[in-house]
$ cat data.cif   # mmCIF, C-alpha atoms
data_target
#
loop_
_atom_site.label_atom_id
_atom_site.label_comp_id
_atom_site.auth_asym_id
_atom_site.auth_seq_id
_atom_site.Cartn_x
_atom_site.Cartn_y
_atom_site.Cartn_z
CA MET A 1 -47.33 12.22 18.66
CA SER A 2 -46.02 15.54 17.39
CA ASP A 3 -46.68 16.96 13.92
CA ARG A 4 -43.03 17.85 13.62
CA ARG A 5 -40.99 15.76 11.24
CA VAL A 6 -38.70 13.25 12.92
CA MET A 7 -34.97 13.35 12.21
CA LEU A 8 -32.58 10.76 13.57
CA ILE A 9 -28.94 11.85 13.82
CA THR A 10 -26.12 9.58 14.96
CA GLY A 11 -23.10 10.77 16.91
CA THR A 12 -24.74 13.84 18.46
CA ARG A 13 -22.78 14.12 21.71
CA LYS A 14 -20.39 16.73 20.31
CA GLY A 15 -18.92 18.30 17.18
CA ILE A 16 -20.86 18.25 13.93
CA GLY A 17 -23.54 15.95 15.36
CA GLN A 18 -24.32 18.32 18.21
CA HIS A 19 -24.51 21.23 15.79
CA LEU A 20 -26.87 19.28 13.53
CA ALA A 21 -29.11 18.44 16.50
CA GLU A 22 -29.28 22.12 17.49
CA HIS A 23 -29.81 23.24 13.90
CA TYR A 24 -32.70 20.89 13.14
CA ALA A 25 -34.39 20.97 16.57
CA ALA A 26 -34.70 24.73 15.96
CA ARG A 27 -36.27 24.09 12.55
CA ASP A 28 -39.49 22.16 13.02
CA PHE A 29 -37.88 18.78 13.57
CA GLU A 30 -38.24 16.41 16.47
CA VAL A 31 -34.62 15.26 16.70
CA VAL A 32 -33.59 11.87 18.02
CA GLY A 33 -29.86 11.53 18.60
CA CYS A 34 -27.50 8.92 19.88
CA SER A 35 -23.95 8.34 21.04
CA ARG A 36 -22.15 5.89 23.26
CA ALA A 37 -21.93 8.38 26.14
CA ALA A 38 -24.59 10.83 27.28
CA PRO A 39 -24.19 14.43 26.07
CA GLU A 40 -23.53 17.24 28.53
CA TRP A 41 -26.33 19.34 27.09
CA THR A 42 -30.07 19.16 26.63
CA LEU A 43 -32.31 20.70 24.03
CA GLU A 44 -36.01 21.25 23.44
CA HIS A 45 -37.37 18.87 20.78
CA TYR A 46 -34.39 16.59 21.29
CA GLU A 47 -34.21 13.12 22.75
CA HIS A 48 -31.02 11.14 23.29
CA PHE A 49 -30.31 7.42 23.23
CA ARG A 50 -27.12 5.91 24.54
CA VAL A 51 -26.16 3.31 21.98
CA ASP A 52 -23.10 2.10 20.11
CA VAL A 53 -24.02 2.48 16.44
CA SER A 54 -22.37 -0.85 15.62
CA ASP A 55 -24.33 -2.78 18.27
CA GLU A 56 -27.10 -4.45 16.27
CA ALA A 57 -29.30 -5.32 19.26
CA GLY A 58 -28.94 -1.82 20.71
CA VAL A 59 -29.73 -0.15 17.39
CA LYS A 60 -32.79 -2.34 16.85
CA GLU A 61 -34.04 -1.55 20.34
CA MET A 62 -33.54 2.16 19.70
CA PHE A 63 -35.59 2.00 16.49
CA SER A 64 -38.24 -0.01 18.27
CA GLN A 65 -38.60 2.76 20.86
CA VAL A 66 -38.55 5.49 18.20
CA ARG A 67 -41.30 3.66 16.34
CA ARG A 68 -43.44 3.39 19.48
CA ARG A 69 -42.92 7.05 20.42
CA HIS A 70 -43.00 8.74 17.03
CA GLY A 71 -44.32 6.12 14.62
CA ARG A 72 -41.97 7.34 11.91
CA VAL A 73 -38.54 8.61 10.90
CA ASP A 74 -38.54 11.18 8.10
CA VAL A 75 -34.81 11.83 7.90
CA LEU A 76 -31.76 9.84 8.95
CA VAL A 77 -28.37 11.56 9.12
CA ASN A 78 -25.54 9.07 9.62
CA ASN A 79 -23.05 11.46 11.16
CA ALA A 80 -21.28 9.18 13.66
CA GLY A 81 -17.74 8.57 12.54
CA ILE A 82 -14.25 8.03 13.87
CA ALA A 83 -10.84 8.49 12.27
CA SER A 84 -7.28 7.55 13.04
CA MET A 85 -4.33 8.99 11.21
CA ASN A 86 -1.49 6.55 10.86
CA HIS A 87 0.81 5.03 8.27
CA VAL A 88 -0.55 1.69 7.10
CA VAL A 89 2.46 -0.29 8.35
CA LEU A 90 1.91 1.10 11.84
CA THR A 91 -1.85 0.54 11.93
CA PRO A 92 -3.11 -2.13 14.36
CA LEU A 93 -5.92 -4.36 13.12
CA LYS A 94 -8.01 -3.30 16.13
CA THR A 95 -7.97 0.27 14.82
CA VAL A 96 -9.24 -0.96 11.46
CA ARG A 97 -12.00 -2.96 13.11
CA ASP A 98 -13.06 -0.04 15.31
CA ILE A 99 -13.17 2.44 12.42
CA TYR A 100 -15.07 0.08 10.14
CA ALA A 101 -17.45 -0.84 12.98
CA THR A 102 -18.53 2.75 13.49
CA ASN A 103 -18.22 4.18 9.99
CA VAL A 104 -19.40 1.25 7.87
CA PHE A 105 -21.34 -1.19 10.06
CA GLY A 106 -23.00 1.64 11.99
CA THR A 107 -24.05 3.40 8.80
CA PHE A 108 -25.35 0.12 7.41
CA LEU A 109 -27.36 -0.75 10.52
CA PHE A 110 -29.01 2.67 10.73
CA CYS A 111 -29.77 2.69 7.00
CA ARG A 112 -31.34 -0.75 7.25
CA GLU A 113 -33.47 -0.03 10.30
CA ALA A 114 -34.50 3.42 9.05
CA ALA A 115 -35.44 1.96 5.67
CA ARG A 116 -37.73 -0.53 7.41
CA LEU A 117 -39.53 2.30 9.19
CA MET A 118 -39.57 4.68 6.24
CA SER A 119 -40.82 2.07 3.80
CA ALA A 120 -43.99 1.66 5.87
CA ASP A 121 -44.71 5.35 5.36
CA LYS A 122 -46.24 6.57 2.11
CA ARG A 123 -44.11 9.71 2.41
CA GLY A 124 -40.91 7.66 2.13
CA GLY A 125 -37.84 9.24 3.68
CA ARG A 126 -34.42 10.79 3.28
CA ILE A 127 -31.10 9.30 4.28
CA VAL A 128 -27.95 11.40 4.35
CA ASN A 129 -24.64 9.65 4.94
CA PHE A 130 -21.26 11.16 5.71
CA ALA A 131 -18.45 10.74 3.18
CA THR A 132 -15.17 12.68 3.24
CA VAL A 133 -12.84 14.46 0.84
CA ALA A 134 -10.12 12.10 2.16
CA THR A 135 -11.53 9.42 -0.18
CA PRO A 136 -11.22 11.18 -3.57
CA LEU A 137 -7.97 12.86 -2.44
CA ASN A 138 -6.46 9.47 -1.45
CA LEU A 139 -4.88 11.12 1.57
CA GLU A 140 -1.69 9.52 2.87
CA GLY A 141 -2.04 8.44 6.49
CA GLU A 142 -5.78 8.03 6.20
CA ALA A 143 -5.97 4.67 4.43
CA ILE A 144 -8.42 3.14 6.87
CA TYR A 145 -10.59 6.21 7.38
CA ALA A 146 -10.70 6.99 3.63
CA SER A 147 -11.41 3.38 2.68
CA SER A 148 -14.16 3.07 5.29
CA LYS A 149 -15.79 6.15 3.79
CA ALA A 150 -15.32 4.72 0.29
CA ALA A 151 -17.47 1.84 1.54
CA VAL A 152 -20.04 4.38 2.76
CA GLU A 153 -20.07 5.99 -0.69
CA SER A 154 -20.67 2.65 -2.37
CA LEU A 155 -23.36 1.80 0.17
CA THR A 156 -24.99 5.17 -0.55
CA ARG A 157 -25.13 4.58 -4.30
CA VAL A 158 -26.42 1.02 -4.09
CA LEU A 159 -28.98 1.78 -1.37
CA ALA A 160 -30.20 4.69 -3.48
CA ARG A 161 -31.25 2.13 -6.07
CA GLU A 162 -32.55 -0.51 -3.65
CA LEU A 163 -34.61 1.98 -1.65
CA ALA A 164 -35.90 4.08 -4.56
CA PRO A 165 -39.04 1.90 -4.90
CA PHE A 166 -39.92 2.86 -1.33
CA GLY A 167 -39.64 6.60 -1.95
CA ILE A 168 -36.43 6.84 0.06
CA THR A 169 -33.53 8.91 -1.25
CA VAL A 170 -29.97 8.18 -0.13
CA ASN A 171 -27.21 10.75 -0.59
CA ALA A 172 -23.96 11.72 1.10
CA VAL A 173 -22.17 14.89 2.00
CA GLY A 174 -18.36 14.84 1.88
CA PRO A 175 -16.97 17.54 4.15
CA THR A 176 -13.50 19.00 4.10
CA PRO A 177 -11.78 19.19 7.49
CA VAL A 178 -13.93 21.09 9.99
CA ALA A 179 -12.51 22.27 13.30
CA THR A 180 -13.74 19.41 15.51
CA ASP A 181 -12.20 16.74 17.72
CA LEU A 182 -11.89 14.48 14.68
CA ILE A 183 -8.99 16.51 13.29
CA ARG A 184 -7.60 17.78 16.62
CA SER A 185 -4.64 15.39 16.47
CA VAL A 186 -3.82 16.04 12.81
CA PRO A 187 -0.62 18.14 12.46
CA GLN A 188 -1.18 21.70 11.20
CA GLU A 189 1.07 21.17 8.16
CA LYS A 190 -1.05 18.20 7.11
CA ILE A 191 -4.17 20.33 7.31
CA GLU A 192 -2.47 23.10 5.28
CA ALA A 193 -1.40 20.57 2.64
CA LEU A 194 -4.92 19.22 2.47
CA LEU A 195 -6.48 22.66 2.12
CA ALA A 196 -4.05 23.35 -0.74
CA ARG A 197 -5.69 20.56 -2.70
CA GLN A 198 -9.14 22.13 -2.42
CA ALA A 199 -10.40 24.62 -5.00
CA LEU A 200 -11.69 26.71 -2.09
CA ARG A 201 -8.88 26.78 0.47
CA ARG A 202 -10.40 27.09 3.91
CA LEU A 203 -11.58 24.82 6.69
CA GLY A 204 -15.19 23.78 6.40
CA GLU A 205 -17.80 25.28 8.67
CA MET A 206 -20.94 23.77 10.13
CA ARG A 207 -23.10 25.86 7.81
CA ASP A 208 -21.37 24.29 4.78
CA ILE A 209 -22.55 20.88 5.92
CA THR A 210 -26.07 21.86 6.95
CA ASN A 211 -26.46 23.65 3.62
CA VAL A 212 -25.93 20.39 1.72
CA ILE A 213 -28.12 18.39 4.12
CA ASP A 214 -30.85 21.05 3.84
CA PHE A 215 -30.72 20.58 0.07
CA PHE A 216 -30.91 16.77 0.24
CA ILE A 217 -33.89 16.76 2.60
CA ARG A 218 -35.97 19.56 1.11
CA GLU A 219 -39.23 18.45 -0.46
CA GLU A 220 -38.15 19.51 -3.96
CA SER A 221 -35.12 17.16 -3.82
CA ASP A 222 -37.19 14.00 -4.21
CA PHE A 223 -35.51 13.40 -7.60
CA VAL A 224 -32.00 13.57 -6.14
CA THR A 225 -30.52 10.27 -4.96
CA GLY A 226 -27.25 8.33 -5.01
CA GLN A 227 -25.21 11.54 -5.03
CA ILE A 228 -22.02 12.33 -3.13
CA VAL A 229 -21.47 16.08 -2.73
CA TYR A 230 -17.93 17.03 -1.73
CA LEU A 231 -17.31 20.42 -0.22
CA GLY A 232 -14.48 22.83 -0.97
CA GLY A 233 -14.28 22.05 -4.65
CA VAL A 234 -12.64 18.64 -4.28
CA MET B 1 -47.40 -14.84 27.75
CA ALA B 2 -46.23 -16.78 24.69
CA ALA B 3 -48.03 -16.13 21.41
CA THR B 4 -50.24 -18.94 20.19
CA PRO B 5 -49.90 -20.39 16.65
CA GLU B 6 -53.32 -18.90 15.92
CA GLN B 7 -52.19 -15.40 16.95
CA ILE B 8 -49.11 -15.73 14.75
CA ARG B 9 -51.13 -16.90 11.75
CA GLU B 10 -53.47 -13.95 12.29
CA CYS B 11 -50.46 -11.61 12.22
CA VAL B 12 -49.41 -13.04 8.85
CA LEU B 13 -52.91 -12.66 7.44
CA ARG B 14 -53.19 -9.08 8.70
CA ALA B 15 -49.80 -8.30 7.17
CA ILE B 16 -51.13 -9.67 3.85
CA ASP B 17 -54.11 -7.31 4.18
CA GLU B 18 -51.71 -4.42 4.80
CA TYR B 19 -49.60 -5.46 1.82
CA ASN B 20 -52.59 -5.84 -0.48
CA ALA B 21 -53.88 -2.38 0.46
CA SER B 22 -50.89 -0.79 -1.25
CA GLU B 23 -49.81 -3.26 -3.92
CA GLU B 24 -51.19 -3.69 -7.43
CA ARG B 25 -50.62 -7.45 -7.42
CA PRO B 26 -52.42 -8.81 -4.34
CA ILE B 27 -51.36 -11.89 -2.40
CA PRO B 28 -54.14 -14.49 -1.88
CA ARG B 29 -55.20 -14.23 1.78
CA SER B 30 -54.41 -17.76 2.86
CA LEU B 31 -51.80 -19.71 4.76
CA ASP B 32 -51.27 -21.96 1.72
CA THR B 33 -50.17 -19.15 -0.58
CA VAL B 34 -46.91 -19.92 -2.37
CA LEU B 35 -44.74 -16.84 -2.07
CA LEU B 36 -41.54 -17.71 -3.92
CA GLY B 37 -40.57 -19.79 -6.93
CA ALA B 38 -42.75 -20.90 -9.84
CA GLY B 39 -46.22 -19.43 -9.45
CA GLY B 40 -45.06 -17.41 -6.45
CA ALA B 41 -47.24 -14.51 -5.35
CA VAL B 42 -44.41 -12.01 -4.89
CA ASP B 43 -41.25 -10.90 -6.63
CA SER B 44 -38.09 -10.13 -4.65
CA LEU B 45 -39.20 -6.59 -3.85
CA GLY B 46 -42.65 -7.82 -2.91
CA LEU B 47 -41.09 -10.29 -0.50
CA VAL B 48 -39.13 -7.48 1.13
CA ARG B 49 -42.33 -5.47 1.56
CA LEU B 50 -44.26 -8.45 2.94
CA VAL B 51 -41.56 -9.47 5.40
CA MET B 52 -41.33 -5.92 6.72
CA ALA B 53 -45.12 -5.80 7.07
CA VAL B 54 -45.11 -9.10 8.98
CA GLU B 55 -42.33 -7.91 11.32
CA ARG B 56 -44.29 -4.74 12.08
CA ARG B 57 -47.49 -6.67 12.66
CA VAL B 58 -45.82 -9.13 15.07
CA GLU B 59 -44.26 -6.27 17.04
CA ASP B 60 -47.51 -4.28 17.15
CA ASP B 61 -49.91 -7.15 17.85
CA LEU B 62 -47.77 -9.45 19.95
CA GLY B 63 -45.51 -6.85 21.52
CA VAL B 64 -42.28 -8.60 20.59
CA PRO B 65 -39.75 -7.43 18.01
CA VAL B 66 -38.79 -10.17 15.59
CA SER B 67 -36.19 -10.23 12.83
CA LEU B 68 -37.10 -12.60 10.03
CA THR B 69 -34.07 -11.91 7.89
CA ASP B 70 -31.29 -12.99 10.19
CA GLU B 71 -28.58 -15.54 9.40
CA LYS B 72 -30.76 -18.34 10.75
CA ALA B 73 -33.45 -17.62 8.15
CA MET B 74 -30.93 -17.43 5.33
CA SER B 75 -29.30 -20.74 6.29
CA GLN B 76 -32.46 -22.84 6.51
CA ARG B 77 -32.48 -25.81 4.15
CA THR B 78 -36.06 -24.98 3.20
CA SER B 79 -36.69 -21.26 2.93
CA PRO B 80 -39.09 -20.00 5.60
CA PHE B 81 -40.43 -17.65 2.95
CA ARG B 82 -41.68 -20.44 0.66
CA THR B 83 -45.33 -20.07 1.66
CA THR B 84 -47.33 -17.90 4.04
CA GLY B 85 -47.75 -21.01 6.21
CA THR B 86 -44.01 -21.72 6.46
CA LEU B 87 -43.50 -18.05 7.27
CA ALA B 88 -45.94 -18.35 10.20
CA GLU B 89 -44.15 -21.50 11.41
CA TYR B 90 -40.81 -19.73 11.20
CA ILE B 91 -42.11 -16.81 13.26
CA ALA B 92 -43.29 -19.29 15.89
CA SER B 93 -39.84 -20.88 16.02
CA CYS B 94 -38.17 -17.45 16.34
CA LEU B 95 -40.47 -16.44 19.18
CA ALA B 96 -40.00 -19.80 20.92
CA ALA B 97 -36.21 -19.37 20.75
CA ARG B 98 -36.32 -15.98 22.46
CA PRO B 99 -34.59 -15.99 25.85
#

$ encode --input "data.cif" --output "structure tokens"
Amino acid sequence: MSDRRVMLITGTRKGIGQHLAEHYAARDFEVVGCSRAAPEWTLEHYEHFRVDVSDEAGVKEMFSQVRRRHGRVDVLVNNAGIASMNHVVLTPLKTVRDIYATNVFGTFLFCREAARLMSADKRGGRIVNFATVATPLNLEGEAIYASSKAAVESLTRVLARELAPFGITVNAVGPTPVATDLIRSVPQEKIEALLARQALRRLGEMRDITNVIDFFIREESDFVTGQIVYLGGV
Amino acid sequence: MAATPEQIRECVLRAIDEYNASEERPIPRSLDTVLLGAGGAVDSLGLVRLVMAVERRVEDDLGVPVSLTDEKAMSQRTSPFRTTGTLAEYIASCLAARP
């Protein structure tokens, strides 16, 4: 087993997740990532699992293998997320189920399994979930996405209390729109209108997100838990 | 090869050892120890810690992952977490039900 700390990141095939994998594999972490499909890239100090984050049996099997190979997980970053922009009266129930399955059930499953592993370790652990500015901004057209992330925020705050006795902190970063596939289908005027509601009016960048995660997982942040940090001054 | 009742009981006892090594309020090392309710050896957080220790021990010693907090456990008329002995019996039933 390596001396490097072990970070588990969900949704690493592309976008923010891929960037996080590259960022932390280059910074003394052994990174374990996952997505439903295999990525088209490889990386030193990176290992990929093909798993649907809402598939309980698959997630448990993944953690079982991580435990056998690494014996620990120091940091969990629940990045996997999907969105669908639509007016509520035009939203099929299947879309709601799919978004909640990935964003809420997936986050829950990974938090639960990671907490089981981290709680066995005297060093505890760090969990970072993904919120969104769409929740506090109550964005029209994003009822399902925003509400699923509201559930993630609530989960973050309650888990922070439940897992505190085990030395595990649970926080969330709430990005503004970042130029990824997630917002590719959102009309430009919608993005402009959204940016106008931020104190700092620009698209988010990867470094904005890693900066907050770096803060949550640094050793000195062991007294920081249950916090949701929104970017862009929302 | 299926785990024997003795192997399962040994897992529970070893999990108690693991638990006691880090907890201020030790659990008596026996299969008659009452865990929950009046005179119970653990509080709710202690039960969480013990169950996780038992799950780890079963996976490490018997090579099979087991989840003791599924819907089946929660719907039992008599809680499988009542005593260390009932916990061992419940593990045996979970392992026996594996495909």

$ interface_residues --input "data.cif" --of "chain B" --to "chain A" --cutoff "12 Å" --atoms "all atoms listed in the file" --output "number ranges by chain"
B: 15, 18-19, 21-23, 44-46, 48-57, 59-60, 63-67, 69-70

$ atom_distance --input "data.cif" --atom1 "atom CA of B:Thr33" --atom2 "atom CA of A:Arg112"
27.5 Å

$ residues_around --input "data.cif" --residues "A:Ile99" --least-positions-apart "2" --cutoff "7 Å" --atoms "only C-alpha atoms" --output "list in words"
Ile82, Ala83, Thr95, Val96, Arg97, Ala101, Thr102, Asn103 and Tyr145 of chain A

$ residues_around --input "data.cif" --residues "stretch 147-155 of chain A" --least-positions-apart "3" --cutoff "6 Å" --atoms "all atoms listed in the file" --output "count of residues only"
6

$ resolve_selection --input "data.cif" --expression "the PyMOL selection byres ((chain B and resi 7) around 12)" --output "PDB file with C-alpha atoms, in the coordinates of the input"
ATOM      1  CA  MET B   1     -47.400 -14.840  27.750  1.00  0.00           C
ATOM      2  CA  ALA B   2     -46.230 -16.780  24.690  1.00  0.00           C
ATOM      3  CA  ALA B   3     -48.030 -16.130  21.410  1.00  0.00           C
ATOM      4  CA  THR B   4     -50.240 -18.940  20.190  1.00  0.00           C
ATOM      5  CA  PRO B   5     -49.900 -20.390  16.650  1.00  0.00           C
ATOM      6  CA  GLU B   6     -53.320 -18.900  15.920  1.00  0.00           C
ATOM      7  CA  ILE B   8     -49.110 -15.730  14.750  1.00  0.00           C
ATOM      8  CA  ARG B   9     -51.130 -16.900  11.750  1.00  0.00           C
ATOM      9  CA  GLU B  10     -53.470 -13.950  12.290  1.00  0.00           C
ATOM     10  CA  CYS B  11     -50.460 -11.610  12.220  1.00  0.00           C
ATOM     11  CA  VAL B  12     -49.410 -13.040   8.850  1.00  0.00           C
ATOM     12  CA  LEU B  13     -52.910 -12.660   7.440  1.00  0.00           C
ATOM     13  CA  ARG B  14     -53.190  -9.080   8.700  1.00  0.00           C
ATOM     14  CA  ARG B  57     -47.490  -6.670  12.660  1.00  0.00           C
ATOM     15  CA  VAL B  58     -45.820  -9.130  15.070  1.00  0.00           C
ATOM     16  CA  ASP B  61     -49.910  -7.150  17.850  1.00  0.00           C
ATOM     17  CA  LEU B  62     -47.770  -9.450  19.950  1.00  0.00           C
ATOM     18  CA  GLY B  63     -45.510  -6.850  21.520  1.00  0.00           C
ATOM     19  CA  ALA B  88     -45.940 -18.350  10.200  1.00  0.00           C
ATOM     20  CA  GLU B  89     -44.150 -21.500  11.410  1.00  0.00           C
ATOM     21  CA  ILE B  91     -42.110 -16.810  13.260  1.00  0.00           C
ATOM     22  CA  ALA B  92     -43.290 -19.290  15.890  1.00  0.00           C
ATOM     23  CA  LEU B  95     -40.470 -16.440  19.180  1.00  0.00           C
TER      24      LEU B  95
END

$ atom_distance --input "data.cif" --atom1 "atom CA of A:Leu194" --atom2 "atom CA of A:Gly81"
19.5 Å

$ resolve_selection --input "data.cif" --expression "the PyMOL selection byres ((chain B and resi 78-82) around 10)" --output "number ranges by chain"
B: 32-37, 40, 47, 50-51, 68-69, 72-77, 83-91

$ residues_around --input "data.cif" --residues "stretch 11-19 of chain A" --least-positions-apart "2" --cutoff "8 Å" --atoms "only C-alpha atoms" --output "list in words"
Ile9, Ala21, Glu22, His23, Gly33, Cys34, Ser35, Ala37, Ala38, Pro39, Glu40, Asn78, Asn79, Ala80, Gly81, Thr180, Asp181 and Met206 of chain A

$ atom_distance --input "data.cif" --atom1 "atom CA of A:Arg207" --atom2 "atom CA of A:Val77"
15.3 Å

$ closest_residue --input "data.cif" --among "A:Asp121, A:Asp74, A:Asp52, A:Glu140" --to "A:Thr107" --atoms "all atoms listed in the file"
A:Asp52

$ residues_around --input "data.cif" --residues "A:Phe130" --least-positions-apart "2" --cutoff "7 Å" --atoms "all atoms listed in the file" --output "list in words"
Asn78, Asn79, Val128, Thr132, Ala172, Val173 and Gly174 of chain A

$ closest_residue --input "data.cif" --among "A:Thr176, A:Glu220, A:Met62, A:Ala25" --to "A:Glu44" --atoms "all atoms listed in the file"
A:Ala25

$ resolve_selection --input "data.cif" --expression "the PyMOL selection byres ((chain A and resi 86-88) around 9)" --output "list in words"
Ser84, Met85, Val89, Leu90, Thr91, Pro92, Glu140, Gly141, Glu142, Ala143 and Ile144 of chain A

$ closest_residue --input "data.cif" --among "A:Thr135, A:Ile127, A:Gly106, A:Trp41" --to "A:Met7" --atoms "all atoms listed in the file"
A:Ile127

$ axis_aligned_box --input "data.cif" --around "stretch 6-16 of chain B" --padding-each-side "3 Å" --output "lines of an AutoDock Vina configuration file"
center_x = -51.3
center_y = -13.6
center_z = 10.4
size_x = 10.4
size_y = 16.6
size_z = 19.1

$ decode --input "data.cif" --residues "stretch 93-117 of chain A" --atoms "N, CA and C atoms" --output "CSV table (one decimal), in the first residue's frame"
chain,number,residue,atom,x,y,z
A,93,LEU,N,-41.4,12.5,-15.2
A,93,LEU,CA,-41.0,12.0,-13.9
A,93,LEU,C,-39.7,11.2,-14.0
A,94,LYS,N,-39.5,10.6,-15.2
A,94,LYS,CA,-38.2,9.8,-15.3
A,94,LYS,C,-37.0,10.7,-15.2
A,95,THR,N,-37.1,12.0,-15.7
A,95,THR,CA,-36.0,12.9,-15.5
A,95,THR,C,-35.8,13.2,-14.1
A,96,VAL,N,-36.9,13.4,-13.3
A,96,VAL,CA,-36.7,13.7,-11.9
A,96,VAL,C,-36.0,12.5,-11.2
A,97,ARG,N,-36.5,11.3,-11.5
A,97,ARG,CA,-35.9,10.1,-10.9
A,97,ARG,C,-34.4,10.0,-11.2
A,98,ASP,N,-34.1,10.2,-12.5
A,98,ASP,CA,-32.7,10.1,-12.9
A,98,ASP,C,-31.8,11.1,-12.2
A,99,ILE,N,-32.3,12.4,-12.1
A,99,ILE,CA,-31.5,13.4,-11.5
A,99,ILE,C,-31.3,13.1,-10.0
A,100,TYR,N,-32.4,12.7,-9.3
A,100,TYR,CA,-32.3,12.4,-7.9
A,100,TYR,C,-31.4,11.2,-7.7
A,101,ALA,N,-31.5,10.2,-8.6
A,101,ALA,CA,-30.7,9.0,-8.4
A,101,ALA,C,-29.2,9.3,-8.4
A,102,THR,N,-28.8,10.1,-9.3
A,102,THR,CA,-27.4,10.5,-9.4
A,102,THR,C,-27.0,11.5,-8.3
A,103,ASN,N,-27.7,12.6,-8.2
A,103,ASN,CA,-27.3,13.7,-7.3
A,103,ASN,C,-27.5,13.4,-5.9
A,104,VAL,N,-28.7,12.8,-5.5
A,104,VAL,CA,-29.0,12.6,-4.1
A,104,VAL,C,-28.6,11.2,-3.6
A,105,PHE,N,-29.2,10.2,-4.3
A,105,PHE,CA,-28.9,8.8,-3.9
A,105,PHE,C,-27.4,8.4,-4.0
A,106,GLY,N,-26.8,8.9,-5.1
A,106,GLY,CA,-25.4,8.6,-5.3
A,106,GLY,C,-24.6,9.3,-4.2
A,107,THR,N,-24.9,10.5,-3.9
A,107,THR,CA,-24.1,11.2,-2.9
A,107,THR,C,-24.3,10.5,-1.6
A,108,PHE,N,-25.6,10.1,-1.3
A,108,PHE,CA,-25.8,9.4,0.0
A,108,PHE,C,-25.0,8.1,0.1
A,109,LEU,N,-25.1,7.3,-1.0
A,109,LEU,CA,-24.4,6.0,-1.0
A,109,LEU,C,-22.9,6.2,-0.7
A,110,PHE,N,-22.3,7.1,-1.4
A,110,PHE,CA,-20.8,7.3,-1.3
A,110,PHE,C,-20.5,7.9,0.1
A,111,CYS,N,-21.3,8.8,0.6
A,111,CYS,CA,-21.1,9.3,2.0
A,111,CYS,C,-21.2,8.1,3.0
A,112,ARG,N,-22.2,7.3,2.8
A,112,ARG,CA,-22.4,6.2,3.8
A,112,ARG,C,-21.2,5.2,3.7
A,113,GLU,N,-20.9,4.8,2.5
A,113,GLU,CA,-19.8,3.8,2.5
A,113,GLU,C,-18.4,4.4,2.8
A,114,ALA,N,-18.2,5.6,2.5
A,114,ALA,CA,-16.9,6.3,2.8
A,114,ALA,C,-16.9,6.5,4.4
A,115,ALA,N,-18.0,6.8,5.0
A,115,ALA,CA,-18.0,7.0,6.4
A,115,ALA,C,-17.7,5.7,7.1
A,116,ARG,N,-18.2,4.6,6.6
A,116,ARG,CA,-17.8,3.3,7.2
A,116,ARG,C,-16.3,3.1,7.2
A,117,LEU,N,-15.7,3.4,6.1
A,117,LEU,CA,-14.3,3.2,6.0
A,117,LEU,C,-13.5,4.2,6.8
